[in-house]
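Chemist: Next comes the structure file run-v1.pdb, holding PDB, C-alpha atoms.
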ATOM      1  CA  MET A  72      63.630  21.523  79.034
ATOM      2  CA  SER A  73      63.413  19.110  76.095
ATOM      3  CA  LEU A  74      66.529  18.316  74.086
ATOM      4  CA  TYR A  75      64.593  19.584  71.067
ATOM      5  CA  THR A  76      63.017  22.743  72.538
ATOM      6  CA  GLY A  77      63.357  25.764  70.297
ATOM      7  CA  LYS A  78      64.296  23.862  67.143
ATOM      8  CA  THR A  79      62.455  24.494  63.872
ATOM      9  CA  ILE A  80      61.764  21.920  61.173
ATOM     10  CA  THR A  81      60.061  21.904  57.766
ATOM     11  CA  LEU A  82      57.515  19.229  56.911
ATOM     12  CA  CYS A  83      56.587  18.275  53.373
ATOM     13  CA  GLU A  84      53.076  16.905  52.963
ATOM     14  CA  VAL A  85      53.554  13.865  50.700
ATOM     15  CA  GLY A  86      50.100  12.360  51.216
ATOM     16  CA  PRO A  87      48.738  13.585  47.849
ATOM     17  CA  ARG A  88      51.427  11.557  46.073
ATOM     18  CA  ASP A  89      53.059   8.883  48.222
ATOM     19  CA  GLY A  90      49.867   8.286  50.177
ATOM     20  CA  LEU A  91      47.097   8.390  47.602
ATOM     21  CA  GLN A  92      49.070   6.496  44.942
ATOM     22  CA  ASN A  93      48.724   3.345  47.042
ATOM     23  CA  GLU A  94      44.999   3.664  47.730
ATOM     24  CA  GLN A  95      42.558   1.403  45.895
ATOM     25  CA  LYS A  96      39.998   4.168  45.712
ATOM     26  CA  ILE A  97      40.981   6.857  43.236
ATOM     27  CA  LEU A  98      40.019  10.316  44.470
ATOM     28  CA  SER A  99      38.610  12.872  42.068
ATOM     29  CA  THR A 100      40.685  15.821  40.925
ATOM     30  CA  ASP A 101      38.485  18.170  42.944
ATOM     31  CA  GLU A 102      38.980  16.079  46.081
ATOM     32  CA  LYS A 103      42.741  16.143  45.647
ATOM     33  CA  VAL A 104      42.822  19.890  45.064
ATOM     34  CA  CYS A 105      40.686  20.461  48.153
ATOM     35  CA  LEU A 106      42.925  18.324  50.381
ATOM     36  CA  ILE A 107      46.105  19.960  49.089
ATOM     37  CA  GLU A 108      44.751  23.450  49.616
ATOM     38  CA  ARG A 109      43.603  22.506  53.124
ATOM     39  CA  ALA A 110      47.106  21.226  53.908
ATOM     40  CA  VAL A 111      48.592  24.496  52.701
ATOM     41  CA  SER A 112      46.070  26.473  54.763
ATOM     42  CA  SER A 113      47.151  24.540  57.857
ATOM     43  CA  GLY A 114      50.717  25.730  57.355
ATOM     44  CA  PHE A 115      52.572  23.305  55.058
ATOM     45  CA  LYS A 116      55.119  25.162  52.930
ATOM     46  CA  VAL A 117      56.099  22.142  50.809
ATOM     47  CA  VAL A 118      53.598  19.738  49.210
ATOM     48  CA  GLU A 119      54.181  16.765  46.930
ATOM     49  CA  VAL A 120      51.198  17.136  44.632
ATOM     50  CA  GLY A 121      51.522  13.938  42.604
ATOM     51  CA  SER A 122      53.654  12.177  40.018
ATOM     52  CA  PHE A 123      54.022  12.262  36.248
ATOM     53  CA  MET A 124      54.184   8.513  35.702
ATOM     54  CA  SER A 125      52.449   6.302  33.181
ATOM     55  CA  PRO A 126      48.693   6.364  33.910
ATOM     56  CA  LYS A 127      48.646   2.627  33.275
ATOM     57  CA  ALA A 128      51.309   2.015  35.898
ATOM     58  CA  VAL A 129      49.947   4.456  38.496
ATOM     59  CA  PRO A 130      46.290   5.226  37.663
ATOM     60  CA  GLN A 131      45.833   7.058  40.977
ATOM     61  CA  MET A 132      48.167   9.792  39.691
ATOM     62  CA  ALA A 133      46.821  10.052  36.138
ATOM     63  CA  ASP A 134      45.331  13.509  36.744
ATOM     64  CA  THR A 135      48.398  15.151  38.333
ATOM     65  CA  ASP A 136      48.601  17.556  35.370
ATOM     66  CA  GLU A 137      45.039  18.743  35.959
ATOM     67  CA  VAL A 138      45.565  18.983  39.723
ATOM     68  CA  PHE A 139      48.461  21.392  39.105
ATOM     69  CA  ARG A 140      46.355  23.468  36.738
ATOM     70  CA  ARG A 141      43.453  23.765  39.167
ATOM     71  CA  LEU A 142      45.450  24.538  42.295
ATOM     72  CA  THR A 143      45.325  28.073  43.650
ATOM     73  CA  LYS A 144      49.020  28.300  44.418
ATOM     74  CA  ALA A 145      49.831  30.142  47.625
ATOM     75  CA  PRO A 146      52.887  32.429  47.694
ATOM     76  CA  GLY A 147      55.912  30.969  49.446
ATOM     77  CA  VAL A 148      54.716  27.368  49.027
ATOM     78  CA  GLU A 149      56.670  24.779  47.033
ATOM     79  CA  TYR A 150      54.499  22.428  44.987
ATOM     80  CA  ARG A 151      56.540  19.487  43.708
ATOM     81  CA  ALA A 152      56.008  16.217  41.839
ATOM     82  CA  LEU A 153      57.823  12.952  41.142
ATOM     83  CA  ILE A 154      59.110  12.212  37.639
ATOM     84  CA  ALA A 155      60.920   9.212  36.158
ATOM     85  CA  ASN A 156      62.018  10.321  32.699
ATOM     86  CA  MET A 157      62.066  13.071  30.085
ATOM     87  CA  LYS A 158      58.388  12.603  29.286
ATOM     88  CA  GLY A 159      57.555  13.228  32.939
ATOM     89  CA  LEU A 160      59.607  16.426  32.835
ATOM     90  CA  GLU A 161      57.744  17.596  29.746
ATOM     91  CA  ARG A 162      54.406  16.982  31.448
ATOM     92  CA  ALA A 163      55.611  18.953  34.463
ATOM     93  CA  ALA A 164      56.584  21.894  32.283
ATOM     94  CA  ASP A 165      53.271  21.836  30.399
ATOM     95  CA  CYS A 166      51.149  22.174  33.554
ATOM     96  CA  GLY A 167      53.275  24.711  35.419
ATOM     97  CA  CYS A 168      55.127  22.452  37.858
ATOM     98  CA  VAL A 169      58.494  24.031  38.646
ATOM     99  CA  LYS A 170      59.912  21.529  41.182
ATOM    100  CA  THR A 171      60.436  17.855  40.401
ATOM    101  CA  LYS A 172      61.993  14.837  42.083
ATOM    102  CA  LEU A 173      63.820  11.839  40.651
ATOM    103  CA  ASN A 174      64.098   8.536  42.488
ATOM    104  CA  VAL A 175      66.372   5.513  42.605
ATOM    105  CA  SER A 176      66.546   2.501  44.913
ATOM    106  CA  ALA A 177      69.598   2.032  47.109
ATOM    107  CA  SER A 178      69.042  -1.726  46.864
ATOM    108  CA  GLU A 179      71.330  -3.003  44.108
ATOM    109  CA  THR A 180      69.289  -6.215  43.986
ATOM    110  CA  HIS A 181      66.073  -4.254  43.494
ATOM    111  CA  ASN A 182      67.609  -1.905  40.928
ATOM    112  CA  LEU A 183      69.314  -4.659  38.944
ATOM    113  CA  LYS A 184      66.102  -6.705  38.772
ATOM    114  CA  ASN A 185      64.019  -3.742  37.632
ATOM    115  CA  LEU A 186      66.422  -1.674  35.542
ATOM    116  CA  ASN A 187      69.390  -3.976  34.909
ATOM    117  CA  CYS A 188      71.856  -1.440  36.264
ATOM    118  CA  THR A 189      73.286  -0.325  39.578
ATOM    119  CA  PRO A 190      71.697   2.578  41.485
ATOM    120  CA  ALA A 191      74.633   4.857  40.647
ATOM    121  CA  GLU A 192      74.303   3.970  36.959
ATOM    122  CA  SER A 193      70.591   4.828  37.143
ATOM    123  CA  VAL A 194      71.371   8.259  38.558
ATOM    124  CA  ALA A 195      74.040   8.866  35.880
ATOM    125  CA  ARG A 196      71.276   8.426  33.298
ATOM    126  CA  PHE A 197      69.365  11.288  34.920
ATOM    127  CA  ALA A 198      71.931  13.874  33.740
ATOM    128  CA  PRO A 199      70.116  14.754  30.465
ATOM    129  CA  ILE A 200      66.863  15.209  32.400
ATOM    130  CA  VAL A 201      68.550  17.577  34.850
ATOM    131  CA  GLU A 202      70.046  19.584  31.956
ATOM    132  CA  ALA A 203      66.680  19.812  30.204
ATOM    133  CA  ALA A 204      65.049  20.887  33.459
ATOM    134  CA  LYS A 205      67.517  23.757  33.815
ATOM    135  CA  GLU A 206      66.585  24.986  30.352
ATOM    136  CA  LYS A 207      62.920  24.900  31.353
ATOM    137  CA  LYS A 208      63.700  26.609  34.697
ATOM    138  CA  ILE A 209      62.463  23.575  36.630
ATOM    139  CA  GLU A 210      64.268  22.585  39.820
ATOM    140  CA  VAL A 211      65.248  18.950  40.310
ATOM    141  CA  SER A 212      65.774  17.118  43.587
ATOM    142  CA  GLY A 213      66.692  13.477  44.087
ATOM    143  CA  SER A 214      65.425  10.668  46.276
ATOM    144  CA  ILE A 215      67.063   7.440  47.425
ATOM    145  CA  SER A 216      64.571   4.795  48.475
ATOM    146  CA  MET A 217      65.623   1.886  50.723
ATOM    147  CA  ALA A 218      68.451   4.063  52.076
ATOM    148  CA  PHE A 219      68.105   2.520  55.559
ATOM    149  CA  GLY A 220      67.333  -1.072  54.646
ATOM    150  CA  SER A 221      65.797  -3.325  52.027
ATOM    151  CA  PRO A 222      63.718  -6.528  51.995
ATOM    152  CA  TRP A 223      66.048  -7.903  49.293
ATOM    153  CA  ASP A 224      69.403  -7.202  50.951
ATOM    154  CA  SER A 225      70.732  -8.034  54.409
ATOM    155  CA  GLU A 226      71.842  -4.423  54.696
ATOM    156  CA  ILE A 227      72.414  -1.299  52.652
ATOM    157  CA  PRO A 228      76.032  -0.186  53.127
ATOM    158  CA  VAL A 229      76.511   3.527  53.727
ATOM    159  CA  SER A 230      79.067   3.402  50.925
ATOM    160  CA  THR A 231      76.285   2.435  48.509
ATOM    161  CA  VAL A 232      74.173   5.398  49.575
ATOM    162  CA  CYS A 233      77.209   7.670  49.223
ATOM    163  CA  SER A 234      77.906   6.402  45.708
ATOM    164  CA  ILE A 235      74.349   7.383  44.730
ATOM    165  CA  ILE A 236      74.724  10.815  46.325
ATOM    166  CA  ASP A 237      78.010  11.290  44.426
ATOM    167  CA  ALA A 238      76.194  10.403  41.195
ATOM    168  CA  TYR A 239      73.399  12.876  41.963
ATOM    169  CA  LEU A 240      75.958  15.600  42.650
ATOM    170  CA  ALA A 241      77.759  14.797  39.408
ATOM    171  CA  ALA A 242      74.424  15.226  37.604
ATOM    172  CA  GLY A 243      73.893  18.607  39.272
ATOM    173  CA  VAL A 244      71.367  17.596  41.948
ATOM    174  CA  THR A 245      72.130  18.985  45.420
ATOM    175  CA  GLU A 246      68.807  18.385  47.207
ATOM    176  CA  ILE A 247      68.434  14.727  48.195
ATOM    177  CA  SER A 248      65.902  12.724  50.201
ATOM    178  CA  LEU A 249      66.897   9.616  52.139
ATOM    179  CA  SER A 250      63.840   7.374  52.164
ATOM    180  CA  ASP A 251      62.902   4.466  54.407
ATOM    181  CA  ALA A 252      60.266   3.009  52.082
ATOM    182  CA  SER A 253      60.598  -0.431  53.666
ATOM    183  CA  GLY A 254      60.148   0.879  57.226
ATOM    184  CA  GLN A 255      63.329  -0.766  58.494
ATOM    185  CA  ALA A 256      65.091   2.301  59.922
ATOM    186  CA  TYR A 257      65.664   2.641  63.658
ATOM    187  CA  PRO A 258      66.757   5.730  65.648
ATOM    188  CA  GLY A 259      70.375   4.807  66.388
ATOM    189  CA  GLN A 260      70.975   3.954  62.757
ATOM    190  CA  VAL A 261      69.268   7.147  61.579
ATOM    191  CA  TYR A 262      71.408   9.288  63.879
ATOM    192  CA  ASP A 263      74.651   7.645  62.767
ATOM    193  CA  ILE A 264      73.838   7.882  59.054
ATOM    194  CA  CYS A 265      72.730  11.502  59.360
ATOM    195  CA  GLU A 266      75.947  12.390  61.195
ATOM    196  CA  GLU A 267      77.953  10.746  58.411
ATOM    197  CA  MET A 268      76.000  12.526  55.686
ATOM    198  CA  LYS A 269      76.477  15.928  57.306
ATOM    199  CA  LYS A 270      80.237  15.421  57.480
ATOM    200  CA  ARG A 271      80.601  14.105  53.932
ATOM    201  CA  TYR A 272      78.110  16.348  52.153
ATOM    202  CA  PRO A 273      77.750  19.769  53.817
ATOM    203  CA  GLU A 274      76.622  21.204  50.464
ATOM    204  CA  VAL A 275      73.558  18.921  50.213
ATOM    205  CA  LYS A 276      70.082  19.891  51.375
ATOM    206  CA  PHE A 277      68.812  16.645  52.883
ATOM    207  CA  TRP A 278      65.262  15.431  53.485
ATOM    208  CA  LEU A 279      64.291  12.369  55.527
ATOM    209  CA  HIS A 280      61.301  10.225  54.555
ATOM    210  CA  PHE A 281      60.113   7.626  57.067
ATOM    211  CA  HIS A 282      57.362   5.045  56.808
ATOM    212  CA  ASN A 283      55.820   3.959  60.089
ATOM    213  CA  THR A 284      55.819   0.217  59.384
ATOM    214  CA  ARG A 285      57.290  -0.698  62.767
ATOM    215  CA  GLY A 286      56.048   2.273  64.755
ATOM    216  CA  LEU A 287      59.369   4.128  64.712
ATOM    217  CA  GLY A 288      58.539   6.965  62.327
ATOM    218  CA  ILE A 289      58.436   9.748  64.917
ATOM    219  CA  ALA A 290      61.394   8.322  66.865
ATOM    220  CA  ASN A 291      63.384   8.351  63.630
ATOM    221  CA  ILE A 292      62.424  11.960  62.972
ATOM    222  CA  LEU A 293      63.615  12.907  66.458
ATOM    223  CA  ALA A 294      66.903  11.084  65.800
ATOM    224  CA  GLY A 295      67.265  13.081  62.597
ATOM    225  CA  ILE A 296      66.599  16.335  64.440
ATOM    226  CA  GLU A 297      69.176  15.397  67.072
ATOM    227  CA  ALA A 298      71.698  14.905  64.271
ATOM    228  CA  GLY A 299      70.913  18.353  62.886
ATOM    229  CA  PHE A 300      68.526  17.545  60.028
ATOM    230  CA  THR A 301      65.551  19.876  59.599
ATOM    231  CA  ASN A 302      63.520  18.644  56.600
ATOM    232  CA  PHE A 303      61.099  15.727  56.844
ATOM    233  CA  ASP A 304      58.244  14.147  54.856
ATOM    234  CA  SER A 305      54.899  13.108  56.340
ATOM    235  CA  ALA A 306      51.505  12.054  54.967
ATOM    236  CA  PHE A 307      48.072  13.231  56.058
ATOM    237  CA  ALA A 308      46.234  10.501  57.999
ATOM    238  CA  GLY A 309      49.233   8.189  57.524
ATOM    239  CA  VAL A 310      47.824   6.950  54.226
ATOM    240  CA  GLY A 311      49.737   4.835  51.767
ATOM    241  CA  GLY A 312      52.172   1.978  51.940
ATOM    242  CA  CYS A 313      54.614   0.174  49.708
ATOM    243  CA  PRO A 314      52.927  -2.577  47.633
ATOM    244  CA  PHE A 315      56.060  -4.758  47.370
ATOM    245  CA  VAL A 316      57.122  -4.521  51.044
ATOM    246  CA  PRO A 317      55.525  -7.067  53.449
ATOM    247  CA  GLY A 318      53.366  -5.405  56.099
ATOM    248  CA  ALA A 319      54.238  -1.898  54.922
ATOM    249  CA  THR A 320      52.260   1.093  56.114
ATOM    250  CA  GLY A 321      52.232   4.649  54.866
ATOM    251  CA  ASN A 322      54.437   7.539  55.827
ATOM    252  CA  VAL A 323      54.254   8.652  59.417
ATOM    253  CA  ALA A 324      51.021  10.652  59.801
ATOM    254  CA  SER A 325      51.456  14.409  59.456
ATOM    255  CA  GLU A 326      49.124  15.203  62.327
ATOM    256  CA  ASP A 327      50.941  12.725  64.593
ATOM    257  CA  VAL A 328      54.281  14.364  63.766
ATOM    258  CA  VAL A 329      52.939  17.856  64.436
ATOM    259  CA  HIS A 330      51.460  16.662  67.739
ATOM    260  CA  ALA A 331      54.747  15.048  68.802
ATOM    261  CA  MET A 332      56.800  18.077  67.784
ATOM    262  CA  LYS A 333      54.480  20.352  69.711
ATOM    263  CA  GLY A 334      55.069  18.232  72.811
ATOM    264  CA  CYS A 335      58.842  18.427  72.303
ATOM    265  CA  GLY A 336      58.894  22.176  71.783
ATOM    266  CA  VAL A 337      59.801  21.889  68.089
ATOM    267  CA  HIS A 338      58.300  24.538  65.806
ATOM    268  CA  THR A 339      56.633  23.287  62.604
ATOM    269  CA  GLY A 340      54.462  26.282  61.678
ATOM    270  CA  ILE A 341      51.494  23.940  61.205
ATOM    271  CA  ASP A 342      48.146  24.278  62.952
ATOM    272  CA  LEU A 343      47.515  20.945  64.672
ATOM    273  CA  ASP A 344      43.718  21.172  64.779
ATOM    274  CA  MET A 345      43.575  21.969  61.063
ATOM    275  CA  ALA A 346      45.960  19.104  60.300
ATOM    276  CA  ILE A 347      43.740  16.701  62.259
ATOM    277  CA  GLU A 348      40.649  17.910  60.426
ATOM    278  CA  THR A 349      42.396  17.425  57.071
ATOM    279  CA  ALA A 350      43.360  13.895  58.116
ATOM    280  CA  ARG A 351      39.741  13.190  59.074
ATOM    281  CA  ARG A 352      38.605  14.255  55.609
ATOM    282  CA  VAL A 353      41.284  12.073  54.013
ATOM    283  CA  ALA A 354      40.119   9.027  55.980
ATOM    284  CA  GLU A 355      36.539   9.707  54.904
ATOM    285  CA  ALA A 356      37.616  10.108  51.279
ATOM    286  CA  VAL A 357      39.566   6.826  51.087
ATOM    287  CA  GLY A 358      36.800   5.026  52.967
ATOM    288  CA  HIS A 359      38.745   3.073  55.580
ATOM    289  CA  PRO A 360      40.564   3.592  58.905
ATOM    290  CA  THR A 361      44.095   4.930  58.524
ATOM    291  CA  ASP A 362      47.297   4.753  60.547
ATOM    292  CA  SER A 363      46.724   7.975  62.487
ATOM    293  CA  SER A 364      46.999   8.165  66.259
ATOM    294  CA  MET A 365      45.345  11.576  66.287
ATOM    295  CA  LEU A 366      42.254  10.218  64.547
ATOM    296  CA  ARG A 367      42.214   7.205  66.827
ATOM    297  CA  ALA A 368      42.821   8.875  70.203
ATOM    298  CA  GLY A 369      42.919  12.664  69.784
ATOM    299  CA  ARG A 370      45.289  15.261  71.196
ATOM    300  CA  ALA A 371      46.913  14.343  74.505
ATOM    301  CA  ASP A 372      46.335  17.834  75.885
ATOM    302  CA  ARG A 373      42.585  17.648  75.265
ATOM    303  CA  ILE A 374      41.783  14.431  77.152
ATOM    304  CA  LEU A 375      39.602  14.918  80.208
ATOM    305  CA  LEU A 376      38.012  11.823  81.731
ATOM    306  CA  ARG A 377      34.765  12.177  83.662
ATOM    307  CA  LYS A 378      35.041  11.533  87.377
ATOM    308  CA  GLU A 379      32.879   8.677  88.583
TER     309      GLU A 379
END
Represent the structure of the file as structure tokens.

Modeler:
Amino acid sequence: MSLYTGKTITLCEVGPRDGLQNEQKILSTDEKVCLIERAVSSGFKVVEVGSFMSPKAVPQMADTDEVFRRLTKAPGVEYRALIANMKGLERAADCGCVKTKLNVSASETHNLKNLNCTPAESVARFAPIVEAAKEKKIEVSGSISMAFGSPWDSEIPVSTVCSIIDAYLAAGVTEISLSDASGQAYPGQVYDICEEMKKRYPEVKFWLHFHNTRGLGIANILAGIEAGFTNFDSAFAGVGGCPFVPGATGNVASEDVVHAMKGCGVHTGIDLDMAIETARRVAEAVGHPTDSSMLRAGRADRILLRKE
């Protein structure tokens, strides 16, 4: 019996935001709505629809407001979006988005260069946004990018990550994602950090977000499961990438994760065939091959070679 048999995890489909925001081709609003609704139909209970950023900075996400308005929202499904400031929160409220996410980099070098403040100081500035969100009955979660490593720093000390979590908690945010945007995480490290986080912050609902830059996305998810974590991000067809990280790829492909979990006896509640079909449509929409093993080779349990 597998070490993981019988466990249940929740996957958030982040392809509509973290995947499509890095694609050169900008999909239409109708295409985005269709892909999101297909993901929900396949069993995803959490979807990151888009982001309320400046259209000039992220043109791929300029229509997130309209996507929210057009979606036929399924009961029991959480539709969330990334925000950066009060204006983003206002846009979320105007289009009916009731779950938002803030983000900060765990790399002090990165944060100081971009925002001229430490990561913890950045999070402290989120407090007014969190208060305003409460008044609007909008939930706020937090994300820490580069939590497992950064191209600008030799390492990211766990103490730095903890200082950011402490700042989020002080601002009233108790749902936090640890993100490997640079794709530098490895299983032993993931397990150790997750064990530490569970001990220090039992009150926090954690998510793990892995990019598959070095082919360790699924291995890192399994390490997280072994440490007791149950919430993970993935992106349909493995689309996306990080424009400022050398050689970066997108999040680990949703269909690949579902396939691997099925083989390990882990319950995801997601229909694998439907997830593969959604990924195929995504690849067709963006117009290029994507980082998806399922699209490249198919399900392992469906391979039958002809006898010569």

Chemist: In Å to one decimal, how far is CA of Asp101 (chain A) from CA of Lys116 (chain A)?

Modeler: 20.6 Å

Chemist: Skip Ile236 (chain A) itself and residues of its chain fewer than 3 positions away, then list as a list of chain:residue names all residues within 9 Å of it, counting all atoms listed in the file.

Modeler: A:Ala191, A:Val194, A:Gly213, A:Ile215, A:Thr231, A:Val232, A:Cys233, A:Tyr239, A:Leu240, A:Ala241, A:Val244, A:Thr245, A:Ile247, A:Tyr272

Chemist: Between A:Pro190, A:Gly121, A:Gly86, A:Gly114, which is the closest to Ala324 (chain A) once you count only C-alpha atoms?

Modeler: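 Closest residue, counting only C-alpha atoms: A:Gly86.
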
Chemist: Using all atoms listed in the file - which residues lie no farther than 9 Å from the point (73.0, 12.0, 57.0) in the file's frame? Write them as a list in words.

Modeler: Leu249, Val261, Tyr262, Asp263, Ile264, Cys265, Glu266, Glu267, Met268, Lys269, Lys270, Arg271, Tyr272, Phe277, Leu279, Gly295, Ala298, Gly299 and Phe300 of chain A

Chemist: Would you work out the distance separating CA of Asn187 (chain A) from CA of Gln95 (chain A), expressed in Å to one decimal?

Modeler: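 Separating CA of Asn187 (chain A) from CA of Gln95 (chain A) is a distance of 29.5 Å.
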
Chemist: CA of Glu84 (chain A) to CA of Pro222 (chain A): how many Å, to one decimal?

Modeler: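 Taking CA of Glu84 (chain A) as the start and CA of Pro222 (chain A) as the end point, the length is 25.8 Å.
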
Chemist: Any chance you could work out the residue set of the PyMOL selection byres ((chain A and resi 79-82) around 12) here, as a ChimeraX atom specification?

Modeler: /A:75-78,83-86,110-111,113-119,148-149,277-281,292-293,295-297,299-307,323-326,328-329,332-333,335-341

Chemist: Applied to this file, what does the PyMOL selection byres ((chain A and resi 362) around 10) return in terms of residues, put as a list in words?

Modeler: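 Taken over the shown coordinates, the PyMOL selection byres ((chain A and resi 362) around 10) returns Asn283, Thr284, Phe307, Ala308, Gly309, Val310, Gly311, Thr320, Gly321, Asn322, Val323, Ala324, Asp327, Ala354, Pro360, Thr361, Ser363, Ser364, Met365, Leu366 and Arg367 of chain A.
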
Chemist: Since I can't run it myself right now, could you work out what the PyMOL selection byres ((chain A and resi 98) around 12) selects here and report it as an MDAnalysis selection string?

Modeler: chainID A and resid 87:88 90:97 99:106 130:135 138 352:358

Chemist: Restrict the calculation to all atoms listed in the file, then for each residue of region 85-137 of chain A with any atom at most 9 Å from an atom of region 166-173 of chain A give the closest atom pair and their distance in Å to one decimal, rows by chain and rising residue number, as CSV.

Modeler:
residue,atom,partner,partner_atom,distance
A:Ser122,CA,A:Thr171,CA,8.9
A:Thr135,CA,A:Cys166,CA,8.9
A:Asp136,CA,A:Cys166,CA,5.6
A:Glu137,CA,A:Cys166,CA,7.4

Chemist: Could you check the closest approach to Ala177 (chain A) for each of A:Ile227, A:Ala128, A:Ile200, A:Ala256 and tell me which residue wins, using all atoms listed in the file?

Modeler: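 Closest candidate: A:Ile227.
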
Chemist: Would you kindly identify which residues have an atom no farther than 7 Å from (58.1, 7.5, 41.3), using all atoms listed in the file and the file's own coordinates, and write them out as a list in words?

Modeler: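 Residues found, by chain and rising number: Ser122, Met124, Leu153, Ile154, Ala155 and Asn174 of chain A.
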
Chemist: Taking only C-alpha atoms into account, which of A:Asn291, A:Asn156, A:Ser216, A:Ser112 comes nearest Ala252 (chain A)?

Modeler: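 Once distances to Ala252 (chain A) are computed over only C-alpha atoms, the minimum belongs to A:Ser216.
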